[in-house]
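Colleague: My structure is in input-v3.cif, and what it holds is mmCIF, C-alpha atoms:
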data_protein
loop_
_atom_site.label_atom_id
_atom_site.label_comp_id
_atom_site.auth_asym_id
_atom_site.auth_seq_id
_atom_site.Cartn_x
_atom_site.Cartn_y
_atom_site.Cartn_z
CA MET A 264 24.27 -21.54 42.91
CA SER A 265 27.33 -19.68 41.62
CA ILE A 266 27.37 -15.99 40.76
CA ARG A 267 28.04 -16.94 37.11
CA VAL A 268 24.89 -19.09 36.96
CA LEU A 269 22.81 -16.35 38.58
CA LEU A 270 24.06 -13.78 36.10
CA LEU A 271 23.38 -16.12 33.16
CA SER A 272 19.88 -16.83 34.45
CA GLY A 273 19.20 -13.10 34.81
CA PHE A 274 20.47 -12.43 31.31
CA LEU A 275 18.27 -15.16 29.82
CA LEU A 276 15.27 -13.80 31.72
CA MET A 277 15.92 -10.33 30.33
CA LEU A 278 16.11 -11.75 26.81
CA ALA A 279 12.83 -13.58 27.31
CA LEU A 280 11.13 -10.47 28.62
CA TYR A 281 12.48 -8.43 25.69
CA ALA A 282 11.27 -11.00 23.17
CA SER A 283 7.81 -11.12 24.75
CA ALA A 284 7.60 -7.30 24.63
CA GLN A 285 8.21 -7.22 20.88
CA THR A 286 5.31 -6.76 18.48
CA SER A 287 5.50 -8.56 15.17
CA TYR A 288 2.98 -8.35 12.33
CA LEU A 289 2.85 -10.03 8.95
CA LEU A 290 0.72 -7.96 6.57
CA ARG A 291 -0.72 -9.82 3.57
CA PRO A 292 -2.38 -7.53 0.99
CA ASP A 293 -3.24 -8.19 -2.64
CA ARG A 294 -0.53 -5.75 -3.68
CA VAL A 295 2.06 -3.43 -2.19
CA PHE A 296 2.80 0.05 -3.50
CA ASP A 297 6.32 0.70 -2.21
CA GLY A 298 6.39 4.47 -2.85
CA GLU A 299 7.41 4.11 -6.49
CA ASN A 300 5.78 1.00 -7.99
CA SER A 301 3.24 -1.72 -7.20
CA HIS A 302 4.09 -5.38 -6.57
CA GLN A 303 1.85 -8.43 -6.61
CA GLY A 304 2.57 -11.27 -4.23
CA TRP A 305 4.35 -9.16 -1.65
CA SER A 306 3.92 -9.23 2.11
CA VAL A 307 5.33 -6.85 4.70
CA TRP A 308 6.81 -7.92 8.03
CA VAL A 309 6.83 -5.35 10.83
CA VAL A 310 8.79 -5.78 14.06
CA ASN A 311 8.17 -3.16 16.72
CA ASN A 312 8.22 0.19 14.90
CA ARG A 313 10.27 -0.82 11.83
CA ILE A 314 9.71 -2.64 8.56
CA ALA A 315 11.74 -5.84 8.95
CA ALA A 316 11.13 -7.07 5.38
CA ALA A 317 9.06 -6.39 2.29
CA GLY A 318 8.70 -8.75 -0.65
CA PRO A 319 7.76 -12.39 -1.25
CA GLU A 320 7.35 -14.16 2.08
CA GLY A 321 9.76 -16.88 1.03
CA THR A 322 12.60 -14.37 1.33
CA PHE A 323 11.79 -13.46 4.96
CA ALA A 324 13.69 -14.71 7.98
CA PRO A 325 12.16 -17.77 9.71
CA GLU A 326 11.04 -15.59 12.66
CA ALA A 327 8.44 -13.96 10.40
CA LYS A 328 6.37 -17.15 10.65
CA LYS A 329 5.75 -16.35 14.33
CA ALA A 330 4.29 -12.93 13.56
CA GLU A 331 0.60 -12.09 13.95
CA VAL A 332 -0.94 -12.27 10.48
CA ILE A 333 -3.22 -9.47 9.31
CA ASP A 334 -5.12 -10.49 6.20
CA LEU A 335 -5.61 -7.61 3.78
CA LYS A 336 -7.31 -9.46 0.95
CA GLY A 337 -8.68 -7.14 -1.72
CA MET A 338 -6.48 -4.29 -0.52
CA THR A 339 -3.43 -2.28 -1.50
CA LEU A 340 -0.76 -1.61 1.13
CA LEU A 341 1.03 1.74 0.87
CA PRO A 342 3.41 3.89 2.87
CA GLY A 343 1.52 6.25 5.18
CA LEU A 344 0.40 9.25 3.14
CA ILE A 345 2.13 12.60 3.69
CA GLU A 346 0.03 15.78 3.66
CA GLY A 347 2.10 18.65 2.31
CA HIS A 348 0.05 21.67 3.42
CA SER A 349 -2.12 21.49 6.50
CA HIS A 350 -3.45 23.83 9.18
CA LEU A 351 -4.66 21.67 12.06
CA PHE A 352 -5.67 24.80 13.99
CA LEU A 353 -8.16 25.87 11.31
CA HIS A 354 -11.48 24.39 10.27
CA PRO A 355 -13.59 25.01 7.13
CA TYR A 356 -14.31 28.65 6.38
CA ASN A 357 -17.96 27.94 5.57
CA GLU A 358 -18.34 26.90 9.23
CA THR A 359 -16.44 29.84 10.72
CA PRO A 360 -14.68 32.54 8.66
CA TRP A 361 -10.91 32.76 9.04
CA GLU A 362 -11.11 36.17 10.70
CA ASP A 363 -13.53 34.90 13.35
CA GLN A 364 -11.30 31.93 14.10
CA VAL A 365 -8.33 34.26 14.61
CA LEU A 366 -10.22 36.95 16.55
CA LYS A 367 -13.00 35.24 18.47
CA ASP A 368 -12.04 31.64 19.23
CA SER A 369 -9.86 31.06 22.29
CA ARG A 370 -6.61 29.19 21.81
CA SER A 371 -7.76 26.46 24.20
CA TYR A 372 -10.86 25.95 22.05
CA ARG A 373 -8.80 25.89 18.88
CA THR A 374 -6.41 23.37 20.42
CA ALA A 375 -9.33 21.10 21.32
CA ARG A 376 -10.44 21.26 17.71
CA ALA A 377 -6.87 20.60 16.52
CA VAL A 378 -6.68 17.42 18.60
CA ASN A 379 -9.79 16.14 16.83
CA HIS A 380 -8.44 17.25 13.45
CA ALA A 381 -5.23 15.31 14.10
CA ARG A 382 -7.16 12.12 14.88
CA LEU A 383 -9.31 12.46 11.74
CA THR A 384 -6.20 13.06 9.62
CA LEU A 385 -4.47 9.95 10.94
CA LEU A 386 -7.51 7.72 10.47
CA ALA A 387 -7.78 8.96 6.88
CA GLY A 388 -4.36 7.41 6.24
CA PHE A 389 -2.19 10.53 6.48
CA THR A 390 0.49 9.57 8.97
CA THR A 391 2.59 12.73 8.46
CA VAL A 392 1.59 16.36 7.91
CA ARG A 393 3.56 19.48 7.13
CA ASP A 394 1.55 21.96 9.20
CA LEU A 395 2.28 25.45 7.88
CA GLY A 396 1.24 27.84 10.60
CA THR A 397 -1.13 28.04 13.55
CA GLU A 398 -2.90 31.10 12.11
CA GLY A 399 -2.98 33.14 15.29
CA ALA A 400 -2.65 30.25 17.77
CA ALA A 401 0.94 31.15 18.65
CA TYR A 402 3.15 28.11 19.39
CA ASP A 403 0.32 25.72 20.23
CA ASP A 404 1.39 23.37 17.43
CA VAL A 405 4.52 22.66 19.47
CA GLY A 406 2.38 21.29 22.29
CA LEU A 407 0.19 19.29 19.92
CA GLN A 408 3.24 17.79 18.24
CA LYS A 409 4.65 16.78 21.63
CA ALA A 410 1.34 15.28 22.77
CA ILE A 411 1.18 13.17 19.59
CA ASN A 412 4.82 12.10 19.85
CA GLU A 413 4.33 11.01 23.46
CA GLY A 414 1.15 9.08 22.64
CA LEU A 415 -1.17 11.29 24.69
CA VAL A 416 -3.44 11.83 21.68
CA PRO A 417 -3.58 10.05 18.31
CA GLY A 418 -2.39 11.98 15.31
CA PRO A 419 0.10 12.17 12.45
CA ARG A 420 3.75 13.06 12.70
CA MET A 421 3.91 16.85 12.48
CA ILE A 422 6.44 18.99 10.65
CA ILE A 423 5.58 22.39 12.14
CA ALA A 424 6.07 26.05 11.21
CA THR A 425 4.71 27.63 14.43
CA LYS A 426 3.62 31.24 13.82
CA ALA A 427 4.89 31.85 10.22
CA LEU A 428 6.32 35.24 9.20
CA ILE A 429 4.58 38.22 7.60
CA ALA A 430 5.57 41.74 6.61
CA THR A 431 4.01 44.37 8.86
CA GLY A 432 0.54 45.39 7.75
CA SER A 433 0.04 42.63 5.20
CA TYR A 434 -1.71 39.67 6.81
CA ALA A 435 -4.34 40.42 9.43
CA PRO A 436 -8.10 40.68 9.86
CA LYS A 437 -9.29 43.78 7.99
CA GLY A 438 -11.85 46.52 8.59
CA PHE A 439 -10.73 47.82 11.98
CA GLY A 440 -9.88 51.37 12.93
CA SER A 441 -6.28 52.49 12.59
CA ASP A 442 -6.05 53.01 16.35
CA VAL A 443 -7.02 49.41 17.15
CA ASP A 444 -4.42 46.68 17.65
CA ILE A 445 -5.81 43.26 16.81
CA PRO A 446 -4.43 39.68 16.81
CA GLN A 447 -2.45 38.78 13.71
CA GLY A 448 -2.62 35.68 11.55
CA ALA A 449 1.17 35.27 11.84
CA GLU A 450 4.22 37.05 13.29
CA GLU A 451 5.07 40.48 11.92
CA ALA A 452 8.78 41.07 11.35
CA ASP A 453 10.75 43.33 8.99
CA GLY A 454 14.32 44.36 8.27
CA HIS A 455 17.65 42.85 9.21
CA ASP A 456 17.68 42.59 13.01
CA ASP A 457 13.95 42.01 13.44
CA LEU A 458 13.84 39.17 10.92
CA ILE A 459 16.87 37.40 12.37
CA ARG A 460 15.34 37.63 15.84
CA ALA A 461 11.95 36.35 14.67
CA VAL A 462 13.41 33.39 12.74
CA ARG A 463 15.66 32.39 15.62
CA THR A 464 12.83 32.75 18.12
CA GLN A 465 10.53 30.49 16.09
CA ILE A 466 13.32 27.94 15.75
CA GLY A 467 13.99 28.12 19.48
CA LYS A 468 10.32 27.55 20.24
CA GLY A 469 10.25 24.42 18.07
CA ALA A 470 9.73 25.28 14.39
CA ASP A 471 10.87 22.54 12.00
CA VAL A 472 10.38 24.81 8.99
CA ILE A 473 10.03 28.56 8.53
CA LYS A 474 7.07 29.77 6.49
CA ILE A 475 6.84 33.25 5.01
CA TYR A 476 4.15 35.15 3.14
CA ALA A 477 6.04 36.45 0.10
CA ASP A 478 2.90 38.22 -1.10
CA TYR A 479 -0.63 38.82 0.05
CA ARG A 480 -3.82 40.75 -0.73
CA TRP A 481 -2.59 44.16 0.48
CA GLY A 482 -2.35 46.10 -2.77
CA LEU A 483 -4.00 49.51 -3.19
CA ASN A 484 -7.17 47.88 -4.51
CA GLY A 485 -6.95 44.74 -2.41
CA GLU A 486 -5.01 42.82 -5.03
CA ALA A 487 -2.19 40.42 -4.20
CA ARG A 488 1.20 42.14 -4.21
CA PRO A 489 4.71 41.18 -2.98
CA THR A 490 5.51 41.84 0.68
CA TYR A 491 9.13 41.02 1.57
CA SER A 492 12.00 42.19 -0.60
CA GLU A 493 14.27 39.59 -2.14
CA GLU A 494 17.01 40.66 0.27
CA GLU A 495 14.75 40.14 3.28
CA ILE A 496 13.75 36.67 2.10
CA ARG A 497 17.39 35.76 1.48
CA LEU A 498 18.21 36.82 5.05
CA ILE A 499 15.38 34.61 6.37
CA VAL A 500 16.63 31.67 4.29
CA GLU A 501 20.26 32.10 5.41
CA THR A 502 19.26 32.38 9.07
CA ALA A 503 17.04 29.31 8.92
CA ARG A 504 19.48 27.29 6.84
CA SER A 505 22.26 27.75 9.40
CA SER A 506 20.15 25.57 11.73
CA GLY A 507 19.32 23.04 9.00
CA ARG A 508 15.77 24.29 8.49
CA PRO A 509 14.13 25.02 5.14
CA VAL A 510 11.97 28.02 4.26
CA VAL A 511 8.69 27.75 2.37
CA ALA A 512 6.78 30.63 0.84
CA HIS A 513 3.13 31.45 0.38
CA ALA A 514 3.23 33.13 -3.03
CA SER A 515 0.58 33.61 -5.69
CA THR A 516 2.03 36.45 -7.80
CA ALA A 517 4.80 36.07 -10.34
CA GLU A 518 6.99 38.67 -8.61
CA GLY A 519 6.40 37.23 -5.13
CA MET A 520 7.32 33.81 -6.48
CA ARG A 521 10.40 35.14 -8.27
CA ARG A 522 11.76 36.83 -5.16
CA ALA A 523 11.22 33.72 -3.05
CA ILE A 524 12.78 31.40 -5.62
CA MET A 525 15.85 33.58 -6.11
CA ALA A 526 16.27 33.91 -2.34
CA GLY A 527 16.43 30.13 -1.87
CA VAL A 528 13.10 28.87 -0.55
CA GLU A 529 12.42 25.15 -1.04
CA THR A 530 8.70 25.19 -1.89
CA ILE A 531 6.17 27.67 -3.22
CA GLU A 532 2.66 27.32 -1.82
CA HIS A 533 -0.27 28.05 -4.21
CA GLY A 534 1.56 29.61 -7.19
CA ASP A 535 -1.61 30.67 -9.01
CA GLY A 536 0.05 33.52 -10.94
CA GLY A 537 3.07 31.64 -12.21
CA THR A 538 4.30 32.37 -15.71
CA PRO A 539 6.39 30.34 -18.18
CA GLU A 540 9.46 32.27 -16.99
CA ILE A 541 8.67 31.47 -13.35
CA TRP A 542 8.11 27.76 -14.05
CA LYS A 543 11.42 27.61 -15.89
CA LEU A 544 13.14 29.26 -12.93
CA MET A 545 11.56 26.83 -10.48
CA GLN A 546 12.65 23.86 -12.58
CA GLU A 547 16.20 25.18 -12.83
CA LYS A 548 16.44 25.97 -9.10
CA ASN A 549 14.68 22.73 -8.10
CA VAL A 550 12.00 24.61 -6.16
CA ALA A 551 8.83 22.58 -5.70
CA LEU A 552 5.24 23.75 -6.16
CA CYS A 553 2.49 22.88 -3.72
CA PRO A 554 -0.56 23.87 -5.82
CA THR A 555 -3.34 23.50 -3.16
CA LEU A 556 -6.02 22.71 -5.74
CA ALA A 557 -8.59 21.61 -3.17
CA ALA A 558 -8.49 24.88 -1.24
CA GLY A 559 -9.23 26.80 -4.43
CA GLU A 560 -12.25 24.66 -5.22
CA ALA A 561 -13.50 24.77 -1.62
CA ILE A 562 -13.41 28.57 -1.47
CA SER A 563 -15.25 28.81 -4.79
CA GLU A 564 -17.92 26.47 -3.44
CA TYR A 565 -18.28 28.55 -0.28
CA ARG A 566 -18.96 31.52 -2.54
CA GLY A 567 -21.82 29.68 -4.20
CA TRP A 568 -20.25 27.75 -7.08
CA LYS A 569 -21.93 24.40 -7.75
CA LYS A 570 -19.38 22.17 -9.42
CA GLY A 571 -20.76 20.26 -12.37
CA THR A 572 -23.71 22.63 -12.71
CA ASP A 573 -22.44 26.20 -12.79
CA PRO A 574 -19.86 27.62 -15.21
CA GLU A 575 -16.30 27.24 -13.98
CA PRO A 576 -15.07 30.29 -11.99
CA ALA A 577 -12.11 32.18 -13.40
CA ARG A 578 -9.93 31.26 -10.41
CA ILE A 579 -10.49 27.55 -11.11
CA SER A 580 -9.71 27.95 -14.81
CA GLN A 581 -6.53 29.85 -13.89
CA LYS A 582 -5.58 27.15 -11.38
CA LYS A 583 -5.94 24.42 -13.99
CA LYS A 584 -3.88 26.49 -16.42
CA SER A 585 -1.04 27.19 -13.98
CA PHE A 586 -0.99 23.59 -12.74
CA GLY A 587 -0.73 22.27 -16.29
CA GLU A 588 1.99 24.74 -17.25
CA ALA A 589 4.05 23.87 -14.17
CA ARG A 590 3.78 20.15 -14.89
CA ARG A 591 4.79 20.54 -18.52
CA ALA A 592 7.77 22.67 -17.45
CA GLY A 593 9.01 19.87 -15.20
CA VAL A 594 8.52 21.76 -11.92
CA PRO A 595 8.85 19.41 -8.91
CA MET A 596 5.50 18.93 -7.20
CA VAL A 597 4.26 18.57 -3.64
CA MET A 598 0.92 16.98 -2.80
CA GLY A 599 -0.75 19.33 -0.32
CA GLY A 600 -4.23 20.78 -0.29
CA ASP A 601 -4.22 23.55 2.36
CA VAL A 602 -6.52 21.37 4.43
CA GLY A 603 -8.19 23.35 7.17
CA VAL A 604 -9.73 25.56 4.51
CA TYR A 605 -11.78 22.39 3.98
CA ALA A 606 -12.41 19.50 6.36
CA HIS A 607 -9.60 17.57 8.00
CA GLY A 608 -9.83 13.87 7.24
CA THR A 609 -10.81 14.63 3.63
CA ASN A 610 -7.17 15.24 2.63
CA ALA A 611 -7.55 12.82 -0.29
CA ARG A 612 -9.55 15.50 -2.06
CA GLU A 613 -6.28 17.04 -3.26
CA MET A 614 -5.10 13.73 -4.68
CA GLU A 615 -8.36 13.28 -6.57
CA LEU A 616 -8.15 16.80 -8.03
CA MET A 617 -4.57 16.28 -9.15
CA VAL A 618 -5.84 13.36 -11.21
CA GLU A 619 -8.85 15.34 -12.43
CA TYR A 620 -6.51 18.16 -13.52
CA GLY A 621 -4.34 15.81 -15.59
CA MET A 622 -1.99 13.65 -13.50
CA LYS A 623 -1.92 9.86 -13.57
CA PRO A 624 -2.96 8.16 -10.30
CA LEU A 625 0.46 6.50 -10.01
CA GLU A 626 2.17 9.89 -10.22
CA VAL A 627 -0.04 11.28 -7.46
CA MET A 628 0.61 8.23 -5.28
CA ARG A 629 4.35 8.77 -5.70
CA LEU A 630 4.05 12.45 -4.79
CA SER A 631 1.99 11.66 -1.68
CA THR A 632 4.54 9.20 -0.31
CA ALA A 633 8.16 9.00 -1.48
CA GLY A 634 7.99 12.37 -3.26
CA ASN A 635 6.86 14.40 -0.28
CA ALA A 636 9.21 12.48 2.00
CA ARG A 637 12.14 13.41 -0.23
CA ILE A 638 11.23 17.10 -0.53
CA PHE A 639 10.56 17.36 3.22
CA HIS A 640 13.91 15.65 4.07
CA GLN A 641 12.15 12.65 5.63
CA ASP A 642 13.11 9.98 3.09
CA LYS A 643 15.64 8.28 5.36
CA GLN A 644 12.80 7.13 7.58
CA LEU A 645 9.46 7.64 5.80
CA GLY A 646 7.70 7.51 2.45
CA ALA A 647 8.48 3.98 1.28
CA VAL A 648 7.80 0.34 2.05
CA LYS A 649 11.40 -0.64 2.58
CA LYS A 650 13.42 -2.60 5.11
CA ASP A 651 14.49 -0.61 8.19
CA LEU A 652 12.20 2.37 7.53
CA LEU A 653 9.63 3.34 10.13
CA ALA A 654 6.45 1.26 9.99
CA ASP A 655 4.06 3.98 8.86
CA LEU A 656 1.74 1.93 6.65
CA ILE A 657 -1.85 2.01 5.44
CA ALA A 658 -4.08 -0.34 3.47
CA VAL A 659 -6.98 0.73 1.27
CA ARG A 660 -9.64 -1.42 -0.32
CA GLY A 661 -9.21 -1.65 -4.06
CA ASN A 662 -6.43 -0.33 -6.26
CA PRO A 663 -5.86 3.46 -6.23
CA GLU A 664 -3.47 3.10 -9.17
CA GLU A 665 -6.56 2.29 -11.25
CA THR A 666 -9.08 4.50 -9.42
CA ILE A 667 -7.59 7.20 -7.20
CA SER A 668 -10.76 7.50 -5.10
CA ALA A 669 -9.90 4.10 -3.60
CA ILE A 670 -7.40 6.03 -1.48
CA ARG A 671 -10.35 7.10 0.69
CA LYS A 672 -11.28 3.49 1.56
CA VAL A 673 -8.79 3.18 4.40
CA GLU A 674 -9.01 -0.05 6.38
CA LEU A 675 -5.60 -0.24 8.06
CA VAL A 676 -3.62 2.57 9.64
CA MET A 677 -0.29 1.82 11.30
CA LYS A 678 2.03 4.53 12.56
CA ASP A 679 5.37 3.76 14.16
CA GLY A 680 4.36 0.10 14.28
CA LYS A 681 1.19 0.81 16.28
CA ILE A 682 -2.18 -0.05 14.78
CA TYR A 683 -4.80 2.70 14.96
CA LYS A 684 -7.32 1.11 12.59
CA SER A 685 -7.60 -2.36 11.09
CA PRO A 686 -10.16 -4.47 9.20
CA GLN A 687 -10.33 -6.78 12.23
CA GLY A 688 -11.13 -3.83 14.49
CA LYS A 689 -7.80 -4.18 16.29
CA GLN A 690 -6.67 -0.96 17.99
#
Translate this structure into structure tokens?

Modeller:
Amino acid sequence: MSIRVLLLSGFLLMLALYASAQTSYLLRPDRVFDGENSHQGWSVWVVNNRIAAAGPEGTFAPEAKKAEVIDLKGMTLLPGLIEGHSHLFLHPYNETPWEDQVLKDSRSYRTARAVNHARLTLLAGFTTVRDLGTEGAAYDDVGLQKAINEGLVPGPRMIIATKALIATGSYAPKGFGSDVDIPQGAEEADGHDDLIRAVRTQIGKGADVIKIYADYRWGLNGEARPTYSEEEIRLIVETARSSGRPVVAHASTAEGMRRAIMAGVETIEHGDGGTPEIWKLMQEKNVALCPTLAAGEAISEYRGWKKGTDPEPARISQKKKSFGEARRAGVPMVMGGDVGVYAHGTNAREMELMVEYGMKPLEVMRLSTAGNARIFHQDKQLGAVKKDLLADLIAVRGNPEETISAIRKVELVMKDGKIYKSPQGKQ
């Protein structure tokens, strides 16, 4: 046998082995929500970890007929949902107060919890999370992100903030003597050199985004007041931006929000104290609001409020007011609930509250997929059912465009082309 024949035989064998190693699925739901609109009569063809085609099956390449068919009758197929504000290293405050989690729980214990939280999040249909700080667990989110990426544990894609940044004295467990040094909820840094060092260190350790606390409850009477100056925030933004990383700001006061917006942050988290002037500024500067409605309701419930029975707390009324004002002003929105304050895996609670507070289900679905992907700079690979994008897909029973609570009825979860949950029980 000639060398040429041997080489040809080897090449054909390699092609055969490659073809046999490919995974190919043909997903047949009742409807497909592509990140913007719903389509009847669509199927989705997945090859390995990419969407090979989406639309009527008659438009697909002949090879699609060889794919394994997954029947999703009675279901809606969507892009994997994107959680905009998560803390995988926290669990509900009615189980363990925040201060006790920071002070008393070991990091190894918190990491074990975070692994479970990641699995619950993924199985709930949230295939990506923006995780905004480990809350005292140092850089342990870097390890969790790596473990998920390498397939050691199941979980969503993680956009991580590592420690987050706070002004000295503003964000820590309270009630201790002045001569006692205690663990912090984030990294203290102030002034020109210290802030540059802290931002660069977090980036070097693996931060995808830098989070700051632009205000916090450290006023003379315990009220929320601004922390960083506008100049300090601008320095943080410029330092992070030089590496291509955005900055996001926890801010609930009008002045804290104003400083962060003017300094160039990309999103404001919470925003309870926004004013018409602030909403106008956010709209003009294209700064998005992540309202975290679910966290507000959860905390009120932990304090004894019984929704539907008791009068509405002032903080809930204010939240509804600020959310409505921001929407009417055309402020860009992020879907993110501050999950960790309440239970991981129940992320859809934020989507339901957005509808309850006045949004249409379709609008919330757009925010939770293509919208978040765009704001988080992930839209070239995530957030839509579109050819060549990564195969992060879920299917829910029913039609969430009609009833948003259907988003909880998750029967298929696929991330990066791998099935984690399916109606046939395939794993």

Colleague: Quick check on the file I pasted: which residues fall under the PyMOL selection byres ((chain A and resi 419-435) around 6)? Write them as a PyMOL selection string.

Modeller: chain A and resi 385+390-397+401-402+408+418+436+447-453+470-476+481+490

Colleague: Counting all atoms listed in the file, figure out which residue out of A:Pro509, A:Pro319, A:Gly571, A:Pro539 gets nearest to Gly527 of chain A.

Modeller: A:Pro509

Colleague: Can you work out the spacing between atom CA of Ala327 of chain A and atom CA of Asp651 of chain A in Å, to one decimal?

Modeller: 14.8 Å

Colleague: For each of A:Pro595, A:Gly337, A:Gly519, A:Gly304, take the minimum atom-to-atom distance to Gly321 of chain A, counting all atoms listed in the file, then give the residue where this is smallest.

Modeller: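 Ranking A:Pro595, A:Gly337, A:Gly519, A:Gly304 by distance to Gly321 of chain A, first place goes to A:Gly304.
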
Colleague: For segment 494-503 of chain A, find every residue with an atom within 9 Å (counting all atoms listed in the file), except residues of its own chain fewer than 2 positions away, and show them as a list in words.

Modeller: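 Counting only the stated atoms, we get Asp453, Gly454, His455, Leu458, Ile459, Val462, Arg463, Ile466, Val472, Ile473, Ile475, Ala477, Tyr491, Ser492, Ser505, Ser506, Gly507, Arg508, Pro509, Val510, Arg522, Ala523, Met525, Ala526, Gly527 and Val528 of chain A.
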
Colleague: Quick one, how far is atom CA of Asp573 of chain A from atom CA of Gly534 of chain A?

Modeller: 24.9 Å

Colleague: Report, in Å with one decimal, the straight-line distance from atom CA of Gly467 of chain A to atom CA of Gly599 of chain A.

Modeller: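 It comes out at 26.2 Å.
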
Colleague: Using the chain letters and numbers from the file, which residues does the PyMOL selection byres ((chain A and resi 589) around 9) grab, as an MDAnalysis selection string?

Modeller: chainID A and resid 537:539 541:543 545:546 552 584:588 590:596

Colleague: Starting from the PyMOL selection byres ((chain A and resi 366-383) around 6), expand the selection into actual residues of this file and give them as a list in words.

Modeller: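 In the shown coordinates, the PyMOL selection byres ((chain A and resi 366-383) around 6) covers Leu351, Phe352, Glu362, Asp363, Gln364, Val365, Thr384, Leu385, Leu386, Ala400, Pro417, Gly418, His607 and Gly608 of chain A.
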
Colleague: Of the residues A:Thr286, A:Ser306, A:Ala316, A:Ile670, which is the one nearest to Lys650 of chain A, using only C-alpha atoms?

Modeller: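 Under the stated criterion, the closest residue is A:Ala316.
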